[in-house]
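Engineer: Quick one: the structure is below, questions incoming.
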Amino acid sequence: MSIATRSLPRTIGAHAILLTYTAIALFPVVLVIMNSFKSRAGIFGAPLTPPTPKTFDMIGYTTVIGQGDFIHYFQNSLVVTVGSLFFVLLFGAMAAFALSEYRFRGNTLMGLYLALGIMIPIRLATVAILQLMVASGLVNTLTALILVYTAQGLPLAVFILSEFMKQVSDDLKNAGRIDGLSEYTIFFRLVVPLVRPSMATVAVFTMIPIWNDLWFPLILAPSEETKTVTLGAQLFLGQFVTNWNAILAALSLAILPVLILYVIFSRQLIRGITSGAVK
Amino acid sequence: MGSLKIENVKKAFGPVEVLKGIDLEVTDGEFVVFVGPSGCGKSTLLRVIAGLEDSTSGRVLIDGDDVSATPPAKRGIAMVFQTYALYPHLTVKNNMGLGLKQANTPAAEIDRRIGVASSMLSLEPYLERRPAELSGGQRQRVAIGRAVVREPKLFLFDEPLSNLDAALRVNTRLEIAQLHRRLKATMIYVTHDQVEAMTLADKIVVLNAGKIEQIGGPMELYNSPANEFVAGFIGSPKMNFVDGARLGETAKTIGVRPEHLTVDPKSGAWKGTVVHAEHLGADTNLYLDCEKAGLITVRIFGVYDAEPGATLYATPDPAKTYRFGLDGKVLK
């Protein structure tokens with residue numbers, strides 16, 4: 001072991017800090033999952049202990065599944081998240097390409113305007129959005145949610161992606177133009193594959209707040225038909241009695257799909273194919 | 001067929017004028033090199049010819065047709081880029097064939113042309129590989145192959161050797177020269193390296209600050225440069241420029257190439273001290289600090305022993321001394 005680059009106390013120190021942080025970050029998640037497998041008495045009697053044969057109970061999960069529509073809520077959440085993600089990535093990447101590739105009057109101004117949304121929370125406009133949705137008859141539809149989430153995700157997507165698009169070699173795009181590729185083909189076939197890692201980053205950042213959001217489903221689409229998982233879990237929160245087993249089970253289940261999406265996108269972060277294109 | 005005519009082409013990016021009125025004619029089968037320092041507009045001029053940039057004013061004619069409003073793919077050109085610019089997701093074969101496929105060429109014809117180009121550039125073993133699996137030299141050969149299969153009227157090269165290491169650069173330079181001889185095609189080549197320009201060109205166009213300084217064959221530029229800029233740019237080591245007044249001459253500047261000076265330890269025109277000596281084997285470069293002429297470079301063929309600090313006399317060859325006027329132009 002080389003002494004110049006490593007020292008034992010420093011390694012231990014770094015690992016101690018990182019492990020502490022990991023423990024703090026994972027603690028609530030572990031607590032939720034642990035308690036979702038316990039009986040009501042078990043949850044309140046010893047909330048911090050893992051389920052024992054005595055306190056183990058699947059009552060939470062059976063309630064959630066038995067309540068009938070939870071599969072449907074999952075479906076709604078998934079449709080909204082994947083739909084919004086698709087439009088955020090598509091429009092975000094296209095806007096970023098236009099901003100980084102073409103010289104036109106007002107380019108910088110347009111870029112600033114598109115990035116403005118990062119600084120202004122979309123929830124400030126909730127009342128106006130609701131009026132808009134009522135006027136266009138979109139209340140209680142998943143379309144309303146997808147539209148709002150697309151608007152919410154676009155500014156950051158445009159901002160991050162246009163930085164990455166600037167790094168794509170001009171020569172490559174010009175080679176495509178000389179070979180007669182259309183601007184759309186250049187965008188979809190040459191540029192998008194090269195910025196895929198950054199698109200995966202944007203996807204992860206966009207996806208998690210959408211999946212976890214309670215605000216807009218509650219205001220724009222609270223009907224039984226369009227409920228999302230986070231809204232559905234509210235069912236078990238009563239004014240006087242709260243069904244903790246069911247809530248914890250619902251939340252544990254809600255982690256799964258987003259985890260799967262995350263794994264899919266993080267695999268894209270591996271570069272591989274891009275090397276060797278230029279230089 | 002492939003002739004090119006450029007008429008008074010100007011290009012400005014906002015208030016910055018990059019090309020200030022370029023006129024140029026290239027005849028069929030010529031190898032023309034644009035050379036100049038970085039920022040002189042040579043790459044921009046190539047991009048205007050390719051159609052990747054629109055000129056602010058002026059006309060570009062290929063084979064007599066005004067192509068100012070024609071998109072790059074329809075101009076009958078092919079371009080080789082400094083960074084190779086191969087499509088990362090396609091195999092070598094598909095990289096070469098893509099342009100033809102876009103132009104709806106029959107598959108059999110595409111295969112035939114790829115066959116010819118790949119044997120010419122010895123790329124046959126690599127046809128099914130992706131660019132990531134090739135070395136730098138192979139990638140640049142693929143990029144050249146991609147240009148060859150299009151059978152263009154004009155080949156455009158944008159500093160194609162800049163990313164290669166020195167040994168590979170010489171080899172690829174040789175390959176491009178052979179390619180030109182075999183295809184007898186019109187080629188336009190941009191470089192900042194005057195050695196590439198001298199070795200490849202039929203005709204060199206020296207650009208500086210968006211203007212053409214001189215057009216001519218390599219030896220023409222070497223033997224009779226039109227002005228101080230061309231004289232200093234062509235030739236290595238650089239020509240020595242001495243203030244005319246210090247030598248008692250009427251001309252503003254006197255120029256003499258390092259190889260046109262002789263040295264003698266006893267007597268000569270300019271007395272000086274050796275500052276530094278570079279021994280390259282085939283020749284020796286001496287840097288002399290002269291009383292009259294200032295710091296000059298002398299190139300001596302073969303080995304010459306001179307220690308720094310020694311006194312030497314340098315004498316210019318009067319037949320190969322250039323006199324420049326106030327405007328930098330050569331005085332006859």
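Please note that chains go A, B, ... in the order of the structure tokens, that every chain numbers its residues from 1, and that ligands are numbered from 1 in the order shown.
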Contacts of segment 177-191 of chain B at 6 Å or less, counting only C-alpha atoms, minus same-chain residues fewer than 6 places along, as an MDAnalysis selection string?
Structural biologist: chainID B and resid 2 28:35 154:159
Engineer: Could you turn the residues from that selection into a file that holds C-alpha atoms, as an mmCIF file, in the first residue's frame?
Structural biologist:
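Full text of result.cif as output:
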data_model
loop_
_atom_site.group_PDB
_atom_site.id
_atom_site.type_symbol
_atom_site.label_atom_id
_atom_site.label_comp_id
_atom_site.auth_asym_id
_atom_site.auth_seq_id
_atom_site.Cartn_x
_atom_site.Cartn_y
_atom_site.Cartn_z
ATOM 1 C CA GLY B 2 -14.808 20.146 -60.028
ATOM 2 C CA ASP B 28 -10.452 21.132 -61.979
ATOM 3 C CA GLY B 29 -8.031 18.677 -60.372
ATOM 4 C CA GLU B 30 -6.088 21.253 -58.420
ATOM 5 C CA PHE B 31 -4.869 20.745 -54.862
ATOM 6 C CA VAL B 32 -5.292 24.083 -53.120
ATOM 7 C CA VAL B 33 -4.175 24.721 -49.556
ATOM 8 C CA PHE B 34 -5.467 27.570 -47.414
ATOM 9 C CA VAL B 35 -2.816 28.458 -44.906
ATOM 10 C CA LEU B 154 -14.776 18.968 -54.312
ATOM 11 C CA PHE B 155 -12.919 17.420 -51.407
ATOM 12 C CA LEU B 156 -12.674 19.703 -48.405
ATOM 13 C CA PHE B 157 -10.149 18.957 -45.660
ATOM 14 C CA ASP B 158 -10.319 20.906 -42.418
ATOM 15 C CA GLU B 159 -6.975 20.437 -40.658
#
Engineer: With chain A as the partner and 8 Å as the cut-off, tabulate the residues of chain B that qualify, each row holding the nearest pair of atoms and their distance in Å to one decimal, using only C-alpha atoms, sorted by chain and rising number, as a tab-separated table.
Structural biologist:
residue	atom	partner	partner_atom	distance
B:Ala50	CA	A:Ile178	CA	7.9
B:Leu52	CA	A:Asn174	CA	6.9
B:Pro72	CA	A:Ile178	CA	5.1
B:Ala73	CA	A:Ile178	CA	4.5
B:Lys74	CA	A:Gly180	CA	7.7
B:Ile77	CA	A:Ile178	CA	7.6
B:Ala78	CA	A:Ile178	CA	6.9
B:Met79	CA	A:Ala175	CA	7.3
B:Phe81	CA	A:Asp171	CA	6.3
B:Gln82	CA	A:Asp171	CA	7.9
B:Thr83	CA	A:Lys279	CA	5.3
B:Tyr84	CA	A:Val278	CA	6.0
B:Ala85	CA	A:Leu172	CA	4.3
B:Leu86	CA	A:Ala277	CA	5.5
B:Tyr87	CA	A:Ala277	CA	6.2
B:Pro88	CA	A:Ala277	CA	4.7
B:His89	CA	A:Ile273	CA	7.2
B:Leu98	CA	A:Asp179	CA	6.8
B:Gly99	CA	A:Asp179	CA	4.1
B:Leu100	CA	A:Asp179	CA	7.6
B:Gln102	CA	A:Gly180	CA	6.1
B:Ala103	CA	A:Gly180	CA	7.4
B:Pro131	CA	A:Gly276	CA	5.6
B:Ala132	CA	A:Gly276	CA	3.9
B:Glu133	CA	A:Gly276	CA	7.4
B:Leu134	CA	A:Gly276	CA	7.8
B:Gly136	CA	A:Lys279	CA	7.4
B:Asn163	CA	A:Lys279	CA	7.2
Engineer: Convert the current residue selection to file output with N, CA and C atoms, as a compact mmCIF listing (two decimals), in the first residue's frame.
Structural biologist:
# COMPACT_ATOMS: atom_id res chain seq x y z
N ALA B 50 -18.44 24.90 -48.10
CA ALA B 50 -19.21 23.69 -47.83
C ALA B 50 -20.69 23.99 -47.67
N LEU B 52 -21.85 25.21 -44.78
CA LEU B 52 -22.15 25.09 -43.35
C LEU B 52 -22.33 26.47 -42.71
N PRO B 72 -25.67 21.97 -47.96
CA PRO B 72 -24.39 21.27 -48.10
C PRO B 72 -24.50 19.93 -48.82
N ALA B 73 -25.55 19.16 -48.52
CA ALA B 73 -25.64 17.81 -49.08
C ALA B 73 -25.83 17.83 -50.59
N LYS B 74 -26.32 18.94 -51.14
CA LYS B 74 -26.62 19.00 -52.58
C LYS B 74 -25.51 19.68 -53.36
N ILE B 77 -20.09 18.02 -52.52
CA ILE B 77 -18.81 18.13 -51.82
C ILE B 77 -18.70 17.03 -50.78
N ALA B 78 -17.50 16.80 -50.30
CA ALA B 78 -17.30 15.90 -49.17
C ALA B 78 -16.27 16.55 -48.27
N MET B 79 -16.39 16.35 -46.99
CA MET B 79 -15.51 17.06 -46.08
C MET B 79 -14.89 16.09 -45.07
N PHE B 81 -12.99 16.15 -41.37
CA PHE B 81 -12.88 17.08 -40.25
C PHE B 81 -11.66 16.75 -39.39
N GLN B 82 -11.24 17.77 -38.65
CA GLN B 82 -10.11 17.59 -37.73
C GLN B 82 -10.39 16.51 -36.70
N THR B 83 -11.60 16.52 -36.14
CA THR B 83 -11.94 15.56 -35.08
C THR B 83 -12.58 14.29 -35.64
N TYR B 84 -12.34 13.98 -36.91
CA TYR B 84 -12.86 12.80 -37.61
C TYR B 84 -14.36 12.83 -37.79
N ALA B 85 -15.11 13.14 -36.69
CA ALA B 85 -16.56 13.26 -36.78
C ALA B 85 -17.22 12.03 -37.38
N LEU B 86 -16.82 10.85 -36.90
CA LEU B 86 -17.49 9.62 -37.36
C LEU B 86 -18.75 9.42 -36.53
N TYR B 87 -19.73 8.74 -37.13
CA TYR B 87 -20.96 8.47 -36.39
C TYR B 87 -20.70 7.34 -35.41
N PRO B 88 -20.82 7.60 -34.11
CA PRO B 88 -20.39 6.59 -33.13
C PRO B 88 -21.23 5.31 -33.15
N HIS B 89 -22.48 5.42 -33.60
CA HIS B 89 -23.35 4.25 -33.51
C HIS B 89 -23.31 3.39 -34.76
N LEU B 98 -23.47 6.10 -45.41
CA LEU B 98 -24.66 6.86 -44.98
C LEU B 98 -25.05 7.97 -45.96
N GLY B 99 -24.04 8.71 -46.42
CA GLY B 99 -24.35 9.83 -47.33
C GLY B 99 -25.01 9.34 -48.61
N LEU B 100 -24.52 8.21 -49.14
CA LEU B 100 -25.09 7.67 -50.37
C LEU B 100 -26.49 7.15 -50.13
N GLN B 102 -28.58 8.27 -47.99
CA GLN B 102 -29.47 9.42 -47.88
C GLN B 102 -29.83 9.94 -49.27
N ALA B 103 -28.91 9.76 -50.22
CA ALA B 103 -29.15 10.25 -51.58
C ALA B 103 -29.83 9.19 -52.45
N PRO B 131 -16.38 2.98 -34.70
CA PRO B 131 -15.26 3.94 -34.53
C PRO B 131 -14.51 3.77 -33.21
N ALA B 132 -15.23 3.42 -32.13
CA ALA B 132 -14.57 3.30 -30.83
C ALA B 132 -13.50 2.21 -30.84
N GLU B 133 -13.60 1.27 -31.78
CA GLU B 133 -12.64 0.15 -31.80
C GLU B 133 -11.47 0.42 -32.75
N LEU B 134 -11.31 1.66 -33.19
CA LEU B 134 -10.23 1.98 -34.13
C LEU B 134 -9.24 2.94 -33.50
N GLY B 136 -6.53 6.27 -33.80
CA GLY B 136 -6.71 7.61 -34.37
C GLY B 136 -6.44 7.65 -35.87
N ASN B 163 -4.94 16.22 -35.26
CA ASN B 163 -5.12 15.37 -34.07
C ASN B 163 -4.24 14.13 -34.08
Engineer: Nearest to Ser77 of chain A: which of A:Ile210, A:Ala46, A:Val32, A:Leu109 is it, counting only C-alpha atoms?
Structural biologist: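 Using only C-alpha atoms, Ser77 of chain A sits closest to A:Ile210.
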Engineer: What lies within 7 Å of Trp270 of chain B using only C-alpha atoms, ignoring chain neighbours under 3 positions off, as an NGL selection string?
Structural biologist: :B and (290 or 292-293 or 313-315)
Engineer: To test your reading of the structure, identify every residue in segment 17-77 of chain A that backbone DSSP assigns to helix (DSSP H, G or I), and report it as a PyMOL selection string.
Structural biologist: chain A and resi 17-36+40-45+59-66+70-77
Engineer: List as a ChimeraX atom specification the protein and nucleic acid residues near segment 272-283 of chain B, meaning an atom at most 12 Å away when only C-alpha atoms are counted, but skip any in the same chain fewer than 5 places from it.
Structural biologist: /B:237,258-259,263-267,288-315
Engineer: Write to file, as a CSV table (one decimal), in the first residue's frame, the residues of the selection just made, with N, CA and C atoms.
Structural biologist:
chain,number,residue,atom,x,y,z
B,237,PRO,N,13.4,27.6,-40.4
B,237,PRO,CA,13.0,28.7,-39.5
B,237,PRO,C,12.6,29.9,-40.3
B,258,PRO,N,17.2,32.3,-43.1
B,258,PRO,CA,18.3,31.7,-42.4
B,258,PRO,C,19.3,30.9,-43.2
B,259,GLU,N,18.7,30.2,-44.3
B,259,GLU,CA,19.6,29.4,-45.1
B,259,GLU,C,20.3,30.2,-46.1
B,263,VAL,N,28.3,31.9,-42.5
B,263,VAL,CA,29.0,32.4,-41.4
B,263,VAL,C,30.5,32.2,-41.5
B,264,ASP,N,31.3,33.0,-40.9
B,264,ASP,CA,32.8,32.9,-41.0
B,264,ASP,C,33.3,33.4,-39.7
B,265,PRO,N,34.3,32.7,-39.1
B,265,PRO,CA,34.8,33.2,-37.8
B,265,PRO,C,35.7,34.5,-37.9
B,266,LYS,N,36.1,34.8,-39.1
B,266,LYS,CA,37.1,35.9,-39.2
B,266,LYS,C,36.5,37.2,-39.8
B,267,SER,N,35.8,37.1,-40.9
B,267,SER,CA,35.3,38.4,-41.5
B,267,SER,C,33.9,38.2,-42.1
B,288,LEU,N,22.3,34.3,-33.6
B,288,LEU,CA,23.4,35.2,-33.4
B,288,LEU,C,22.8,36.6,-33.0
B,289,ASP,N,23.5,37.2,-32.0
B,289,ASP,CA,23.1,38.5,-31.6
B,289,ASP,C,24.1,39.5,-32.3
B,290,CYS,N,23.7,40.2,-33.4
B,290,CYS,CA,24.6,40.9,-34.2
B,290,CYS,C,24.6,42.4,-33.8
B,291,GLU,N,25.7,43.1,-33.9
B,291,GLU,CA,25.7,44.5,-33.5
B,291,GLU,C,24.8,45.3,-34.4
B,292,LYS,N,24.9,45.0,-35.7
B,292,LYS,CA,24.1,45.8,-36.7
B,292,LYS,C,22.7,45.3,-36.9
B,293,ALA,N,22.5,44.0,-36.9
B,293,ALA,CA,21.3,43.4,-37.4
B,293,ALA,C,20.4,42.9,-36.3
B,294,GLY,N,20.8,42.9,-35.0
B,294,GLY,CA,20.0,42.4,-33.9
B,294,GLY,C,20.1,40.9,-33.9
B,295,LEU,N,19.0,40.2,-33.3
B,295,LEU,CA,19.0,38.8,-33.2
B,295,LEU,C,18.6,38.1,-34.5
B,296,ILE,N,19.5,37.3,-35.0
B,296,ILE,CA,19.1,36.6,-36.3
B,296,ILE,C,19.3,35.1,-36.2
B,297,THR,N,18.7,34.4,-37.1
B,297,THR,CA,18.9,32.9,-37.1
B,297,THR,C,19.7,32.6,-38.4
B,298,VAL,N,20.6,31.7,-38.2
B,298,VAL,CA,21.4,31.2,-39.4
B,298,VAL,C,21.2,29.7,-39.5
B,299,ARG,N,20.9,29.2,-40.7
B,299,ARG,CA,20.8,27.8,-40.8
B,299,ARG,C,22.0,27.3,-41.7
B,300,ILE,N,22.7,26.4,-41.1
B,300,ILE,CA,23.9,25.9,-41.8
B,300,ILE,C,23.6,24.4,-42.1
B,301,PHE,N,23.8,24.0,-43.3
B,301,PHE,CA,23.6,22.6,-43.7
B,301,PHE,C,24.8,21.7,-43.1
B,302,GLY,N,24.4,20.6,-42.5
B,302,GLY,CA,25.5,19.8,-42.0
B,302,GLY,C,25.8,20.2,-40.5
B,303,VAL,N,26.9,19.6,-40.0
B,303,VAL,CA,27.3,19.9,-38.6
B,303,VAL,C,28.2,21.1,-38.6
B,304,TYR,N,28.0,22.0,-37.7
B,304,TYR,CA,28.9,23.1,-37.5
B,304,TYR,C,29.1,23.4,-36.0
B,305,ASP,N,30.3,23.4,-35.6
B,305,ASP,CA,30.6,23.5,-34.1
B,305,ASP,C,30.7,25.0,-33.8
B,306,ALA,N,29.8,25.4,-32.9
B,306,ALA,CA,29.9,26.8,-32.5
B,306,ALA,C,29.4,26.8,-31.0
B,307,GLU,N,30.2,27.3,-30.1
B,307,GLU,CA,29.9,27.4,-28.7
B,307,GLU,C,29.2,28.7,-28.5
B,308,PRO,N,28.2,28.8,-27.6
B,308,PRO,CA,27.6,30.0,-27.2
B,308,PRO,C,28.6,31.0,-26.7
B,309,GLY,N,28.6,32.2,-27.1
B,309,GLY,CA,29.6,33.2,-26.6
B,309,GLY,C,30.6,33.5,-27.7
B,310,ALA,N,30.8,32.5,-28.7
B,310,ALA,CA,31.8,32.7,-29.7
B,310,ALA,C,31.4,33.9,-30.6
B,311,THR,N,32.4,34.5,-31.2
B,311,THR,CA,32.1,35.6,-32.2
B,311,THR,C,32.1,35.0,-33.6
B,312,LEU,N,31.1,35.4,-34.4
B,312,LEU,CA,31.0,34.9,-35.7
B,312,LEU,C,30.6,36.1,-36.6
B,313,TYR,N,30.9,36.0,-37.9
B,313,TYR,CA,30.5,37.0,-38.8
B,313,TYR,C,29.5,36.4,-39.8
B,314,ALA,N,28.3,37.0,-39.9
B,314,ALA,CA,27.3,36.5,-40.9
B,314,ALA,C,27.2,37.3,-42.1
B,315,THR,N,27.1,36.7,-43.3
B,315,THR,CA,27.0,37.5,-44.5
B,315,THR,C,25.8,37.0,-45.3
Engineer: Determine the nearest neighbour of Lys38 of chain A from the options A:Leu19, A:Ala128, A:Ser198, A:Tyr61, counting only C-alpha atoms.
Structural biologist: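 For Lys38 of chain A, the nearest of the given residues is A:Tyr61.
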Engineer: One decimal, Å: what's the distance from atom CA of Gly325 of chain B over to atom CA of Thr253 of chain B, could you say?
Structural biologist: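 It comes out at 6.8 Å.
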Engineer: Among segment 77-134 of chain B, which residues carry a DSSP assignment of strand (DSSP E or B), reported as a count of residues only?
Structural biologist: 4
Engineer: Near Gly210 of chain B, within 10 Å and counting only C-alpha atoms, which residues show up once chain neighbours fewer than 3 positions away are dropped, as a ChimeraX atom specification?
Structural biologist: /B:10-11,17-22,36,39-42,44-45,207,213
Engineer: Mind dumping the selected residues with N, CA and C atoms as an mmCIF file, in the first residue's frame?
Structural biologist:
data_model
loop_
_atom_site.group_PDB
_atom_site.id
_atom_site.type_symbol
_atom_site.label_atom_id
_atom_site.label_comp_id
_atom_site.auth_asym_id
_atom_site.auth_seq_id
_atom_site.Cartn_x
_atom_site.Cartn_y
_atom_site.Cartn_z
ATOM 1 N N LYS B 10 -17.784 37.793 -48.337
ATOM 2 C CA LYS B 10 -17.567 38.444 -47.042
ATOM 3 C C LYS B 10 -18.360 37.701 -45.995
ATOM 4 N N LYS B 11 -17.827 37.642 -44.791
ATOM 5 C CA LYS B 11 -18.557 36.985 -43.711
ATOM 6 C C LYS B 11 -18.331 37.770 -42.429
ATOM 7 N N GLU B 17 -15.831 41.247 -38.555
ATOM 8 C CA GLU B 17 -15.676 40.815 -39.936
ATOM 9 C C GLU B 17 -14.586 39.766 -40.017
ATOM 10 N N VAL B 18 -14.952 38.544 -40.395
ATOM 11 C CA VAL B 18 -13.975 37.459 -40.434
ATOM 12 C C VAL B 18 -13.381 37.312 -41.829
ATOM 13 N N LEU B 19 -14.214 37.458 -42.845
ATOM 14 C CA LEU B 19 -13.721 37.433 -44.224
ATOM 15 C C LEU B 19 -14.023 38.779 -44.857
ATOM 16 N N LYS B 20 -12.970 39.399 -45.404
ATOM 17 C CA LYS B 20 -13.163 40.768 -45.895
ATOM 18 C C LYS B 20 -13.071 40.827 -47.407
ATOM 19 N N GLY B 21 -13.846 40.020 -48.088
ATOM 20 C CA GLY B 21 -13.820 40.097 -49.543
ATOM 21 C C GLY B 21 -12.786 39.161 -50.126
ATOM 22 N N ILE B 22 -13.183 37.900 -50.363
ATOM 23 C CA ILE B 22 -12.257 36.900 -50.886
ATOM 24 C C ILE B 22 -12.629 36.603 -52.342
ATOM 25 N N GLY B 36 -2.618 29.876 -43.001
ATOM 26 C CA GLY B 36 -2.570 31.162 -42.306
ATOM 27 C C GLY B 36 -2.581 30.931 -40.812
ATOM 28 N N GLY B 39 -7.250 32.080 -36.602
ATOM 29 C CA GLY B 39 -8.086 33.267 -36.587
ATOM 30 C C GLY B 39 -8.046 34.065 -37.874
ATOM 31 N N CYS B 40 -7.382 33.538 -38.913
ATOM 32 C CA CYS B 40 -7.265 34.302 -40.152
ATOM 33 C C CYS B 40 -8.476 34.119 -41.048
ATOM 34 N N GLY B 41 -9.376 33.191 -40.696
ATOM 35 C CA GLY B 41 -10.596 33.015 -41.477
ATOM 36 C C GLY B 41 -10.561 31.853 -42.447
ATOM 37 N N LYS B 42 -9.477 31.047 -42.402
ATOM 38 C CA LYS B 42 -9.372 29.963 -43.386
ATOM 39 C C LYS B 42 -10.445 28.897 -43.191
ATOM 40 N N THR B 44 -13.354 29.354 -41.720
ATOM 41 C CA THR B 44 -14.646 29.969 -42.052
ATOM 42 C C THR B 44 -14.860 29.943 -43.564
ATOM 43 N N LEU B 45 -13.807 30.244 -44.317
ATOM 44 C CA LEU B 45 -13.914 30.224 -45.776
ATOM 45 C C LEU B 45 -14.288 28.824 -46.258
ATOM 46 N N LEU B 207 -3.642 33.289 -46.183
ATOM 47 C CA LEU B 207 -4.654 34.198 -45.643
ATOM 48 C C LEU B 207 -4.131 34.850 -44.377
ATOM 49 N N GLU B 213 -3.383 37.169 -48.796
ATOM 50 C CA GLU B 213 -2.120 37.905 -48.904
ATOM 51 C C GLU B 213 -1.428 37.585 -50.224
#
Engineer: Using only C-alpha atoms, which residues sit within 9 Å of Glu225 of chain A once same-chain residues fewer than 2 positions away are excluded, as a short mmCIF file (atom, residue, chain, number, x, y, z; two decimals) with N, CA and C atoms, in the first residue's frame?
Structural biologist:
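Output saved as around-v5.cif:
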data_model
loop_
_atom_site.label_atom_id
_atom_site.label_comp_id
_atom_site.auth_asym_id
_atom_site.auth_seq_id
_atom_site.Cartn_x
_atom_site.Cartn_y
_atom_site.Cartn_z
N HIS A 72 -54.96 0.49 -9.13
CA HIS A 72 -55.36 1.56 -10.03
C HIS A 72 -54.60 2.86 -9.71
N TYR A 73 -54.44 3.15 -8.41
CA TYR A 73 -53.68 4.35 -8.02
C TYR A 73 -52.24 4.26 -8.53
N ASN A 76 -52.16 5.06 -12.10
CA ASN A 76 -52.26 6.50 -12.32
C ASN A 76 -50.92 7.20 -12.09
N ASN A 140 -59.75 16.77 -12.85
CA ASN A 140 -59.94 15.33 -12.66
C ASN A 140 -59.56 14.50 -13.87
N THR A 141 -58.52 14.95 -14.58
CA THR A 141 -57.96 14.08 -15.61
C THR A 141 -56.46 13.96 -15.35
N ALA A 221 -56.79 16.73 -9.41
CA ALA A 221 -57.36 15.44 -9.80
C ALA A 221 -57.65 14.56 -8.59
N PRO A 222 -58.55 15.01 -7.69
CA PRO A 222 -58.80 14.23 -6.48
C PRO A 222 -59.84 13.11 -6.67
N SER A 223 -60.39 12.96 -7.88
CA SER A 223 -61.45 11.97 -8.04
C SER A 223 -60.91 10.56 -7.87
N LYS A 227 -56.91 9.29 -8.79
CA LYS A 227 -56.04 9.38 -7.61
C LYS A 227 -54.67 8.76 -7.86
#
Engineer: For a quick check of understanding, using only C-alpha atoms, which of B:Val149, B:Leu174, B:Val116, B:Leu331 has the smallest distance to Ser224 of chain B?
Structural biologist: B:Leu331
Engineer: Could you state the separation of atom CA of Leu24 of chain B and atom CA of Thr70 of chain B in Å, given to one decimal place?
Structural biologist: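 Separation of atom CA of Leu24 of chain B and atom CA of Thr70 of chain B: 19.4 Å.
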Engineer: What is the atom CA of Ser135 of chain B to atom CA of Asn94 of chain B distance in Å?
Structural biologist: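 Distance between the two atoms: 17.8 Å.
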Engineer: Which polymer residues have any atom within 8 Å of an atom of Ser252 of chain A, counting only C-alpha atoms, with same-chain residues fewer than 3 positions away left out, as a compact mmCIF listing (two decimals) with C-alpha atoms, in the first residue's frame?
Structural biologist:
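Generated output (out.txt):
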# COMPACT_ATOMS: atom_id res chain seq x y z
CA VAL A 32 -41.19 2.77 7.34
CA ILE A 33 -40.46 -0.59 5.71
CA SER A 36 -45.07 -1.88 7.63
CA LEU A 248 -46.77 2.37 6.03
CA ALA A 249 -47.55 -0.51 3.69
CA ILE A 255 -41.00 3.19 -3.15
CA LEU A 256 -40.73 0.19 -5.48
